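**Q** Data file entry.tsv (TSV, C-alpha atoms) is appended below.
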```tsv
chain	number	residue	atom	x	y	z
A	1	MET	CA	0.00	0.00	0.00
A	2	ASP	CA	1.42	3.39	-0.95
A	3	LEU	CA	1.71	5.75	1.93
A	4	VAL	CA	0.61	9.26	1.12
A	5	SER	CA	1.97	12.04	3.32
A	6	PRO	CA	-0.83	14.11	4.82
A	7	GLN	CA	-1.19	17.52	3.21
A	8	SER	CA	-1.11	20.62	5.35
A	9	ASN	CA	-4.45	22.24	5.96
A	10	PRO	CA	-4.65	25.35	3.74
A	11	ASN	CA	-6.93	27.00	6.30
A	12	ASN	CA	-4.22	27.02	8.99
A	13	PHE	CA	-2.68	30.48	8.59
A	14	PRO	CA	-0.39	32.01	11.23
A	15	SER	CA	-2.37	34.37	13.44
A	16	PRO	CA	-1.19	38.02	13.24
A	17	ILE	CA	0.42	39.51	16.29
A	18	LEU	CA	-1.13	42.86	17.30
A	19	GLY	CA	1.27	45.55	18.48
A	20	SER	CA	0.74	47.31	21.75
A	21	ASN	CA	0.00	50.62	19.97
A	22	LEU	CA	-2.91	49.10	18.04
A	23	VAL	CA	-6.36	48.88	19.51
A	24	ALA	CA	-8.14	45.71	18.54
A	25	ASN	CA	-11.88	45.68	18.78
A	26	THR	CA	-13.10	42.47	20.26
A	27	VAL	CA	-15.74	40.99	18.06
A	28	THR	CA	-17.50	37.84	19.14
A	29	VAL	CA	-18.27	35.65	16.20
A	30	THR	CA	-20.75	32.87	16.76
A	31	PRO	CA	-20.05	30.01	14.38
A	32	THR	CA	-23.09	28.79	12.58
A	33	SER	CA	-23.60	25.08	12.78
A	34	THR	CA	-24.12	23.51	9.42
A	35	THR	CA	-25.54	20.06	9.25
A	36	ALA	CA	-23.74	18.16	6.52
A	37	ALA	CA	-25.73	15.58	4.62
A	38	PRO	CA	-24.63	12.04	5.47
A	39	PRO	CA	-22.49	10.50	2.74
A	40	ALA	CA	-24.17	7.97	0.52
A	41	SER	CA	-23.53	4.38	1.51
A	42	THR	CA	-20.79	2.92	-0.68
A	43	THR	CA	-20.53	-0.45	1.07
A	44	PRO	CA	-20.39	-3.13	-1.64
A	45	SER	CA	-23.02	-5.82	-1.51
A	46	ARG	CA	-22.35	-9.40	-0.53
A	47	TYR	CA	-22.56	-10.40	-4.18
A	48	GLU	CA	-19.95	-7.81	-5.20
A	49	ASN	CA	-17.58	-8.92	-2.43
A	50	GLN	CA	-17.90	-12.55	-3.46
A	51	LYS	CA	-17.41	-11.66	-7.12
A	52	ARG	CA	-14.21	-9.78	-6.31
A	53	ARG	CA	-12.86	-12.70	-4.27
A	54	ASP	CA	-13.69	-15.17	-7.04
A	55	TRP	CA	-12.00	-12.99	-9.62
A	56	ASN	CA	-8.85	-12.64	-7.51
A	57	THR	CA	-8.78	-16.40	-6.99
A	58	PHE	CA	-9.03	-17.06	-10.71
A	59	CYS	CA	-6.33	-14.51	-11.56
A	60	GLN	CA	-4.07	-16.11	-8.94
A	61	TYR	CA	-4.74	-19.49	-10.56
A	62	LEU	CA	-3.63	-18.10	-13.93
A	63	ARG	CA	-0.44	-16.71	-12.43
A	64	ASN	CA	0.38	-20.05	-10.79
A	65	HIS	CA	-0.36	-21.97	-13.96
A	66	ARG	CA	2.56	-23.70	-15.65
A	67	PRO	CA	3.29	-21.98	-17.92
A	68	PRO	CA	1.64	-18.81	-16.56
A	69	LEU	CA	-1.37	-17.66	-18.51
A	70	SER	CA	-2.51	-14.16	-19.30
A	71	LEU	CA	-6.17	-13.31	-19.25
A	72	SER	CA	-6.19	-12.70	-23.00
A	73	MET	CA	-4.94	-16.26	-23.59
A	74	CYS	CA	-7.55	-17.84	-21.33
A	75	SER	CA	-10.07	-20.12	-23.06
A	76	GLY	CA	-12.95	-22.34	-22.10
A	77	ALA	CA	-10.54	-25.25	-21.64
A	78	HIS	CA	-8.65	-23.31	-18.97
A	79	VAL	CA	-11.93	-22.55	-17.21
A	80	LEU	CA	-12.68	-26.29	-17.10
A	81	GLU	CA	-9.23	-26.92	-15.60
A	82	PHE	CA	-9.98	-24.31	-12.96
A	83	LEU	CA	-13.33	-25.93	-12.07
A	84	ARG	CA	-11.71	-29.36	-11.73
A	85	TYR	CA	-8.98	-27.80	-9.60
A	86	LEU	CA	-11.65	-26.49	-7.21
A	87	ASP	CA	-13.04	-29.99	-6.64
A	88	GLN	CA	-10.31	-30.69	-4.08
A	89	PHE	CA	-11.90	-28.03	-1.86
A	90	GLY	CA	-15.44	-29.38	-2.27
A	91	LYS	CA	-17.65	-30.40	0.64
A	92	THR	CA	-20.42	-32.28	-1.18
A	93	LYS	CA	-20.41	-36.07	-1.15
A	94	VAL	CA	-20.93	-37.41	-4.66
A	95	HIS	CA	-21.35	-41.19	-4.76
A	96	ASN	CA	-19.73	-43.29	-7.45
A	97	GLN	CA	-21.89	-45.59	-9.51
A	98	THR	CA	-20.36	-48.62	-7.76
A	99	CYS	CA	-21.24	-47.23	-4.31
A	100	PRO	CA	-24.17	-49.00	-2.59
A	101	PHE	CA	-25.48	-45.57	-1.59
A	102	PHE	CA	-25.62	-44.29	-5.16
A	103	GLY	CA	-28.89	-42.44	-5.60
A	104	LEU	CA	-29.71	-42.25	-1.88
A	105	PRO	CA	-30.26	-38.70	-0.62
A	106	ASN	CA	-29.59	-39.73	3.01
A	107	PRO	CA	-27.04	-42.59	3.13
A	108	PRO	CA	-27.23	-44.58	6.38
A	109	ALA	CA	-23.44	-44.91	6.76
A	110	PRO	CA	-20.25	-43.19	5.59
A	111	CYS	CA	-18.56	-44.24	2.39
A	112	PRO	CA	-15.20	-43.53	0.70
A	113	CYS	CA	-16.71	-41.57	-2.18
A	114	PRO	CA	-14.96	-38.24	-2.90
A	115	LEU	CA	-16.10	-34.78	-1.95
A	116	ARG	CA	-16.83	-32.46	-4.84
A	117	GLN	CA	-17.98	-28.95	-5.49
A	118	ALA	CA	-21.75	-28.87	-5.62
A	119	TRP	CA	-23.28	-28.06	-8.99
A	120	GLY	CA	-25.12	-25.05	-7.59
A	121	SER	CA	-21.87	-23.55	-6.31
A	122	LEU	CA	-20.12	-24.04	-9.65
A	123	ASP	CA	-23.04	-22.58	-11.57
A	124	ALA	CA	-23.13	-19.47	-9.37
A	125	LEU	CA	-19.33	-19.14	-9.58
A	126	ILE	CA	-19.35	-19.16	-13.38
A	127	GLY	CA	-22.06	-16.51	-13.38
A	128	ARG	CA	-20.00	-14.20	-11.17
A	129	LEU	CA	-16.77	-14.75	-13.13
A	130	ARG	CA	-18.57	-14.19	-16.40
A	131	ALA	CA	-19.76	-10.79	-15.17
A	132	ALA	CA	-16.36	-9.90	-13.69
A	133	TYR	CA	-14.59	-10.73	-16.96
A	134	GLU	CA	-16.63	-8.16	-18.86
A	135	GLU	CA	-16.29	-5.61	-16.05
A	136	HIS	CA	-12.52	-5.84	-16.45
A	137	GLY	CA	-12.63	-5.01	-20.14
A	138	GLY	CA	-13.24	-8.42	-21.66
A	139	ARG	CA	-15.38	-8.70	-24.78
A	140	PRO	CA	-18.70	-10.51	-24.34
A	141	GLU	CA	-18.20	-12.53	-27.53
A	142	GLY	CA	-14.81	-13.75	-26.28
A	143	ASN	CA	-15.86	-14.49	-22.70
A	144	PRO	CA	-14.32	-17.88	-21.81
A	145	PHE	CA	-16.81	-18.38	-18.97
A	146	GLY	CA	-19.64	-18.38	-21.47
A	147	ALA	CA	-18.03	-20.93	-23.77
A	148	ARG	CA	-20.13	-23.83	-25.01
A	149	ALA	CA	-17.75	-26.35	-23.40
A	150	VAL	CA	-18.34	-24.75	-20.00
A	151	ARG	CA	-22.12	-24.90	-20.39
A	152	ILE	CA	-21.95	-28.59	-21.39
A	153	PHE	CA	-19.69	-29.35	-18.42
A	154	LEU	CA	-22.07	-27.70	-15.96
A	155	ARG	CA	-25.02	-29.60	-17.43
A	156	GLU	CA	-23.19	-32.92	-17.09
A	157	VAL	CA	-22.21	-32.14	-13.49
A	158	ARG	CA	-25.81	-31.27	-12.67
A	159	ASP	CA	-27.22	-34.45	-14.19
A	160	PHE	CA	-24.65	-36.76	-12.60
A	161	GLN	CA	-24.90	-35.21	-9.15
A	162	ALA	CA	-28.68	-35.38	-9.29
A	163	LYS	CA	-28.49	-39.15	-9.93
A	164	ALA	CA	-25.64	-39.80	-7.50
A	165	ARG	CA	-27.16	-37.86	-4.62
A	166	GLY	CA	-30.78	-38.73	-5.34
A	167	VAL	CA	-31.84	-35.11	-5.54
A	168	SER	CA	-33.57	-33.08	-8.20
A	169	TYR	CA	-32.27	-29.80	-9.53
A	170	GLU	CA	-35.34	-29.12	-11.60
A	171	LYS	CA	-36.86	-25.76	-10.90
A	172	LYS	CA	-40.25	-26.02	-9.30
A	173	ARG	CA	-42.91	-24.53	-11.43
A	174	LYS	CA	-45.08	-22.02	-9.74
A	175	ARG	CA	-48.66	-23.02	-9.63
A	176	PRO	CA	-50.99	-20.45	-11.13
A	177	LYS	CA	-52.98	-18.65	-8.54
A	178	GLN	CA	-56.53	-19.89	-8.51
A	179	ASN	CA	-59.06	-17.15	-8.47
A	180	ALA	CA	-61.07	-17.32	-5.29
A	181	ALA	CA	-64.72	-18.11	-5.85
A	182	PRO	CA	-66.88	-15.04	-5.33
A	183	PRO	CA	-69.00	-15.15	-2.17
A	184	PRO	CA	-72.58	-16.28	-2.75
A	185	ALA	CA	-75.00	-13.48	-3.34
A	186	ALA	CA	-77.08	-12.64	-0.30
A	187	GLN	CA	-80.64	-13.79	-0.59
A	188	PRO	CA	-83.11	-10.92	-0.47
A	189	LEU	CA	-85.15	-10.77	2.69
A	190	ALA	CA	-88.89	-11.43	2.42
A	191	PRO	CA	-90.85	-8.19	2.34
A	192	PRO	CA	-92.63	-7.43	5.63
A	193	LEU	CA	-96.32	-8.24	5.81
A	194	PRO	CA	-98.61	-5.19	5.46
A	195	PRO	CA	-100.54	-4.18	8.60
A	196	PRO	CA	-104.12	-5.52	8.75
A	197	SER	CA	-106.70	-3.19	7.29
A	198	LEU	CA	-109.81	-1.95	9.09
A	199	ALA	CA	-112.06	-4.27	7.00
A	200	ASP	CA	-110.02	-7.28	8.02
A	201	ALA	CA	-110.28	-6.32	11.67
A	202	THR	CA	-114.10	-5.95	11.38
A	203	ALA	CA	-114.39	-9.36	9.64
A	204	ALA	CA	-112.33	-10.96	12.35
A	205	ARG	CA	-114.67	-9.61	15.08
A	206	SER	CA	-117.75	-10.83	13.23
A	207	THR	CA	-116.45	-14.36	13.13
A	208	ILE	CA	-115.95	-14.48	16.86
```
How would this structure read if it were set down as structure tokens?
**A**
Amino acid sequence: MDLVSPQSNPNNFPSPILGSNLVANTVTVTPTSTTAAPPASTTPSRYENQKRRDWNTFCQYLRNHRPPLSLSMCSGAHVLEFLRYLDQFGKTKVHNQTCPFFGLPNPPAPCPCPLRQAWGSLDALIGRLRAAYEEHGGRPEGNPFGARAVRIFLREVRDFQAKARGVSYEKKRKRPKQNAAPPPAAQPLAPPLPPPSLADATAARSTI
């Protein structure tokens, strides 16, 4: 890190010395408090931090490559080498076809099958590196992370891990929202009976 010497404050001027034969009027100046607007948050997101770390890791891999590779010489084949190199740091158990637990999502006992990088992690990694490559001046049409060989490799890893681990990577389709049935219409109340007329009251008395 380059150390930059702090610059002197241009507002720090030497205060003048008043002679004894000069009369200085004392003026009280009340500083006005100005409320500065808070600076906008520039904290990078979690995605940006992870993308930067992934990019630095890949560039370090190119420098350690024998012979060393420049970014302009990188191809889809080198990306595949990088993905296979990452498998040694994987934490996902992927059963071999000869393993008795092949296809079981929850094996009842440990087995000597190797640990690999999960397909989801590799797929997200390629997405971040593909974006970082273009952010660093790479041409979209020459992006090695978008090469056809890389897409085929990811598809094969997804299919094999789905069979070996007994899991499904298919995206769940969202069920269409069913429109709620409208509430039944309220039945109209029966109209009230009219009050008895005077003729009806007289007829009722005559029948008694």
**Q** Work out how far CA of Leu129 (chain A) is from CA of Asp54 (chain A), in Å to one decimal.
**A**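 Computing it gives 6.8 Å between the two atoms.
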**Q** Choose the residue, out of A:Gln50, A:Thr42, A:Thr98, A:Asn64, that has the smallest atom-to-atom separation from Ala131 (chain A); count all atoms listed in the file.
**A**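 So, comparing all the options, the nearest one is A:Gln50.
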**Q** Just to confirm, what's the straight-line distance from CA of Leu86 (chain A) to CA of Ile126 (chain A) in Å (one decimal)?
**A** 12.3 Å
**Q** How big is the axis-aligned box around all listed atoms of region 92-107 of chain A once 4 Å goes on each side, and where's its centre, in Å to one decimal, as JSON?
**A**
```
{"center_x": -25.0, "center_y": -40.6, "center_z": -3.2, "size_x": 18.5, "size_y": 24.7, "size_z": 20.6}
```
**Q** Counting only C-alpha atoms, which residue out of A:Val94, A:Ala147, A:Trp55, A:Asp123 sits closest to Pro110 (chain A)?
**A**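 Comparing A:Val94, A:Ala147, A:Trp55, A:Asp123 against Pro110 (chain A), the winner is A:Val94.
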**Q** A:Trp119, A:Gly138, A:Arg130, A:Ala124: which is nearest Met73 (chain A), counting only C-alpha atoms?
**A** A:Gly138
**Q** For CA of Val150 (chain A) and CA of His65 (chain A), quote the distance in Å rounded to one decimal.
**A**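 Value for the CA of Val150 (chain A)-CA of His65 (chain A) distance: 19.2 Å.
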**Q** Looking at A:Phe145, A:Gly103, A:Gly90, A:Cys111, which one is nearest to Asp159 (chain A), with distances taken over only C-alpha atoms?
**A**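 Nearest candidate to Asp159 (chain A) out of A:Phe145, A:Gly103, A:Gly90, A:Cys111: A:Gly103.
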**Q** Of the residues A:Leu71, A:Ser121, A:Thr57, A:Ser45, which is the one nearest to His136 (chain A), using all atoms listed in the file?
**A** A:Leu71
**Q** Nearest to Gly120 (chain A): which of A:Ala164, A:Leu62, A:Thr92, A:His78 is it, counting all atoms listed in the file?
**A**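 Ranked by minimum distance to Gly120 (chain A), first place goes to A:Thr92.
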**Q** For a quick check of your reading of the model, name the residues lying within 10 Å of the coordinate (-8.9, -32.4, -4.8), counting only C-alpha atoms, and write them as a PyMOL selection string.
**A** chain A and resi 84-90+114-117
**Q** If we count all atoms listed in the file and set the cut-off at 12 Å, which residues sit around Tyr169 (chain A), ignoring sequence neighbours fewer than 3 positions away in its own chain? Please answer as a PyMOL selection string.
**A** chain A and resi 118-120+123+155+157-163+165-166+172
